[in-house]
Amino acid sequence: FPVTIGLVLPFYTKDKQLTGMTCRALGDEQLRYITVKIKSDELLVFGMDVVDETKHIYVVEGPIDSLFIENCIAVSGTGFNKLELLPFKKEDMTVIVDNQPRNKEVCKVYDDLIAKGYQIVIWPQSQKEKDINDMFLAGHNVQSVVECNTYKGLEAKVKLNLWKKI
């Protein structure tokens with residue numbers, strides 16, 4: 001049978017305790033991710049062991065995406081409801097959701113984050129790639145794009161409504 005090449009990404013707590021891991025297939029397999037949770041009472045958030053709480057924190061969906069942004073953690077999916085359980089203040093975080101303006105579920109995540117008062121990234125209309133990893137591979141300075149397209153409150157709502165029409 002064919003051997004799949006993959007990547008294993010471990011999840012740790014702040015005090016370096018292993019909580020789980022995600023295995024990512026790097027080929028064309030239908031099943032691309034498998035996540036195993038080792039400690040059921042811990043949040044599965046990638047990068048908690050290396051994030052610097054004294055600096056601004058970026059939060060993305062996927063662990064691979066988090067590798068391309070400074071001081072970034074990943075919630076592993078669109079489960080941004082974990083944010084309220086993290087030991088960080090809202091004003092110290094920027095949430096980065098994938099660039100999928102036609103996906104109603106993703107748009108709902110954006111709406112919820114704005115309603116809860118988070119700073120979020122609304123991707124510029126010129127940005128065609130779906131996620132940070134793809135943006136990086138396309139040659140974009142992702143950190144700069146993120147910093148220049150961060151919004152909150154009413155401004156975020158207006159930008160989101162324009163973004164949804166892409």
# chains A, B, ... in the order shown; residues from 1 in each chain; ligands from 1
$ residues_around --residues "A:His56" --least-positions-apart "6" --cutoff "12 Å" --atoms "only C-alpha atoms" --output "short mmCIF file (atom, residue, chain, number, x, y, z; two decimals) with all heavy atoms, in the first residue's frame"
data_model
loop_
_atom_site.label_atom_id
_atom_site.label_comp_id
_atom_site.auth_asym_id
_atom_site.auth_seq_id
_atom_site.Cartn_x
_atom_site.Cartn_y
_atom_site.Cartn_z
N ILE A 69 3.11 33.86 10.94
CA ILE A 69 2.74 35.11 11.61
C ILE A 69 3.49 35.19 12.94
O ILE A 69 3.58 34.21 13.66
CB ILE A 69 1.21 35.16 11.88
CG1 ILE A 69 0.42 35.05 10.58
CG2 ILE A 69 0.82 36.41 12.65
CD1 ILE A 69 0.47 36.26 9.70
N GLU A 70 4.00 36.38 13.25
CA GLU A 70 4.72 36.59 14.51
C GLU A 70 3.79 36.38 15.71
O GLU A 70 2.64 36.81 15.69
CB GLU A 70 5.27 38.01 14.57
CG GLU A 70 6.31 38.31 13.53
CD GLU A 70 6.68 39.78 13.47
OE1 GLU A 70 6.34 40.54 14.40
OE2 GLU A 70 7.32 40.16 12.48
N ASN A 71 4.30 35.73 16.75
CA ASN A 71 3.61 35.56 18.02
C ASN A 71 2.17 35.09 17.82
O ASN A 71 1.22 35.74 18.23
CB ASN A 71 3.64 36.85 18.85
CG ASN A 71 3.58 36.55 20.32
OD1 ASN A 71 4.22 35.62 20.81
ND2 ASN A 71 2.80 37.31 21.05
N CYS A 72 2.05 33.93 17.20
CA CYS A 72 0.75 33.44 16.75
C CYS A 72 0.43 32.07 17.35
O CYS A 72 1.30 31.22 17.51
CB CYS A 72 0.78 33.34 15.23
SG CYS A 72 -0.81 33.06 14.46
N ILE A 73 -0.86 31.89 17.68
CA ILE A 73 -1.37 30.60 18.13
C ILE A 73 -2.48 30.17 17.17
O ILE A 73 -3.01 31.00 16.43
CB ILE A 73 -1.90 30.66 19.58
CG1 ILE A 73 -3.03 31.68 19.72
CG2 ILE A 73 -0.76 30.93 20.56
CD1 ILE A 73 -3.68 31.72 21.10
N PHE A 88 -5.78 35.42 27.81
CA PHE A 88 -5.39 36.68 27.19
C PHE A 88 -6.58 37.63 27.12
O PHE A 88 -7.72 37.20 27.00
CB PHE A 88 -4.85 36.45 25.77
CG PHE A 88 -3.88 35.31 25.65
CD1 PHE A 88 -4.13 34.25 24.79
CD2 PHE A 88 -2.72 35.28 26.40
CE1 PHE A 88 -3.25 33.19 24.67
CE2 PHE A 88 -1.83 34.23 26.29
CZ PHE A 88 -2.09 33.18 25.42
N LYS A 89 -6.30 38.93 27.12
CA LYS A 89 -7.35 39.93 26.98
C LYS A 89 -7.69 40.11 25.50
O LYS A 89 -6.81 40.01 24.63
CB LYS A 89 -6.88 41.27 27.55
CG LYS A 89 -6.60 41.23 29.04
CD LYS A 89 -6.06 42.57 29.48
CE LYS A 89 -5.65 42.52 30.95
NZ LYS A 89 -4.93 43.73 31.34
N LYS A 90 -8.95 40.42 25.22
CA LYS A 90 -9.39 40.64 23.84
C LYS A 90 -8.53 41.69 23.13
O LYS A 90 -8.17 41.54 21.97
CB LYS A 90 -10.85 41.11 23.80
CG LYS A 90 -11.85 40.05 24.06
CD LYS A 90 -13.25 40.62 23.98
CE LYS A 90 -14.25 39.58 24.44
NZ LYS A 90 -15.61 40.09 24.42
N GLU A 91 -8.25 42.78 23.86
CA GLU A 91 -7.50 43.87 23.23
C GLU A 91 -6.05 43.51 22.92
O GLU A 91 -5.37 44.22 22.19
CB GLU A 91 -7.57 45.14 24.08
CG GLU A 91 -7.11 44.98 25.50
CD GLU A 91 -8.21 44.58 26.47
OE1 GLU A 91 -9.32 44.18 26.05
OE2 GLU A 91 -7.96 44.67 27.68
N ASP A 92 -5.58 42.37 23.43
CA ASP A 92 -4.21 41.92 23.17
C ASP A 92 -4.14 40.91 22.03
O ASP A 92 -3.07 40.36 21.76
CB ASP A 92 -3.61 41.29 24.44
CG ASP A 92 -3.43 42.30 25.55
OD1 ASP A 92 -3.33 43.51 25.27
OD2 ASP A 92 -3.40 41.88 26.73
N MET A 93 -5.30 40.66 21.37
CA MET A 93 -5.34 39.64 20.31
C MET A 93 -5.94 40.20 19.02
O MET A 93 -6.82 41.05 19.06
CB MET A 93 -6.20 38.45 20.75
CG MET A 93 -5.68 37.67 21.92
SD MET A 93 -6.66 36.18 22.23
CE MET A 93 -8.14 36.87 22.95
N THR A 94 -5.47 39.66 17.91
CA THR A 94 -6.10 39.86 16.61
C THR A 94 -6.43 38.49 16.07
O THR A 94 -5.57 37.60 16.03
CB THR A 94 -5.15 40.59 15.63
OG1 THR A 94 -4.88 41.89 16.14
CG2 THR A 94 -5.76 40.70 14.24
N VAL A 95 -7.67 38.29 15.65
CA VAL A 95 -8.14 37.01 15.16
C VAL A 95 -8.12 37.03 13.63
O VAL A 95 -8.61 37.97 13.00
CB VAL A 95 -9.56 36.69 15.67
CG1 VAL A 95 -9.99 35.30 15.22
CG2 VAL A 95 -9.60 36.78 17.20
N GLN A 119 -10.65 42.23 17.65
CA GLN A 119 -10.00 42.77 16.46
C GLN A 119 -9.89 41.62 15.47
O GLN A 119 -9.49 40.52 15.85
CB GLN A 119 -8.58 43.25 16.77
CG GLN A 119 -8.50 44.46 17.63
CD GLN A 119 -7.06 44.89 17.78
OE1 GLN A 119 -6.65 45.85 17.17
NE2 GLN A 119 -6.29 44.16 18.57
N GLU A 147 -1.37 43.15 9.31
CA GLU A 147 -1.30 44.39 10.09
C GLU A 147 -2.06 45.54 9.42
O GLU A 147 -2.63 46.39 10.10
CB GLU A 147 0.15 44.76 10.34
CG GLU A 147 0.84 43.81 11.30
CD GLU A 147 2.34 44.01 11.42
OE1 GLU A 147 2.88 44.98 10.83
OE2 GLU A 147 2.98 43.21 12.12
#
$ closest_atom_pairs --of "stretch 59-156 of chain A" --to "stretch 29-34 of chain A" --cutoff "12 Å" --atoms "only C-alpha atoms" --output "tab-separated table"
residue	atom	partner	partner_atom	distance
A:Gly62	CA	A:Tyr33	CA	10.7
A:Pro63	CA	A:Tyr33	CA	11.3
A:Ile64	CA	A:Tyr33	CA	11.8
A:Ser76	CA	A:Tyr33	CA	10.4
A:Gly77	CA	A:Tyr33	CA	10.8
$ write_last_selection --atoms "all heavy atoms" --output "PDB file, in the first residue's frame"
ATOM      1  N   GLY A  62      -5.409  27.336  11.627  1.00  0.00           N
ATOM      2  CA  GLY A  62      -4.553  26.164  11.521  1.00  0.00           C
ATOM      3  C   GLY A  62      -3.136  26.339  12.036  1.00  0.00           C
ATOM      4  O   GLY A  62      -2.539  27.401  11.892  1.00  0.00           O
ATOM      5  N   PRO A  63      -2.594  25.266  12.624  1.00  0.00           N
ATOM      6  CA  PRO A  63      -1.220  25.318  13.126  1.00  0.00           C
ATOM      7  C   PRO A  63      -0.185  25.697  12.061  1.00  0.00           C
ATOM      8  O   PRO A  63       0.743  26.452  12.349  1.00  0.00           O
ATOM      9  CB  PRO A  63      -0.971  23.893  13.626  1.00  0.00           C
ATOM     10  CG  PRO A  63      -2.318  23.367  13.956  1.00  0.00           C
ATOM     11  CD  PRO A  63      -3.242  23.995  12.954  1.00  0.00           C
ATOM     12  N   ILE A  64      -0.355  25.213  10.841  1.00  0.00           N
ATOM     13  CA  ILE A  64       0.622  25.554   9.794  1.00  0.00           C
ATOM     14  C   ILE A  64       0.561  27.048   9.499  1.00  0.00           C
ATOM     15  O   ILE A  64       1.596  27.704   9.373  1.00  0.00           O
ATOM     16  CB  ILE A  64       0.395  24.700   8.531  1.00  0.00           C
ATOM     17  CG1 ILE A  64       0.717  23.230   8.847  1.00  0.00           C
ATOM     18  CG2 ILE A  64       1.260  25.199   7.379  1.00  0.00           C
ATOM     19  CD1 ILE A  64       0.407  22.261   7.737  1.00  0.00           C
ATOM     20  N   SER A  76      -6.990  25.468  15.811  1.00  0.00           N
ATOM     21  CA  SER A  76      -7.231  24.194  15.110  1.00  0.00           C
ATOM     22  C   SER A  76      -8.659  24.068  14.618  1.00  0.00           C
ATOM     23  O   SER A  76      -9.465  23.310  15.148  1.00  0.00           O
ATOM     24  CB  SER A  76      -6.877  23.006  16.002  1.00  0.00           C
ATOM     25  OG  SER A  76      -5.527  23.066  16.333  1.00  0.00           O
ATOM     26  N   GLY A  77      -8.972  24.840  13.598  1.00  0.00           N
ATOM     27  CA  GLY A  77     -10.314  24.847  13.023  1.00  0.00           C
ATOM     28  C   GLY A  77     -10.980  26.190  13.278  1.00  0.00           C
ATOM     29  O   GLY A  77     -10.346  27.134  13.727  1.00  0.00           O
TER      30      GLY A  77
END
$ select_by_dssp --residues "stretch 79-153 of chain A" --states "strand (DSSP E or B)" --output "count of residues only"
8
$ residues_around --residues "A:Leu86" --least-positions-apart "5" --cutoff "10 Å" --atoms "only C-alpha atoms" --output "PyMOL selection string"
chain A and resi 43+45+48+81
$ closest_residue --among "A:Glu84, A:Trp163, A:Gly117, A:Gly20" --to "A:Gln100" --atoms "only C-alpha atoms"
A:Trp163
$ atom_distance --atom1 "atom CA of A:Ile57" --atom2 "atom CA of A:Gln143"
12.3 Å
$ atom_distance --atom1 "atom CA of A:Leu162" --atom2 "atom CA of A:Leu137"
26.0 Å
$ closest_residue --among "A:Val51, A:Ala156, A:Leu44, A:Leu26" --to "A:Lys14" --atoms "only C-alpha atoms"
A:Val51
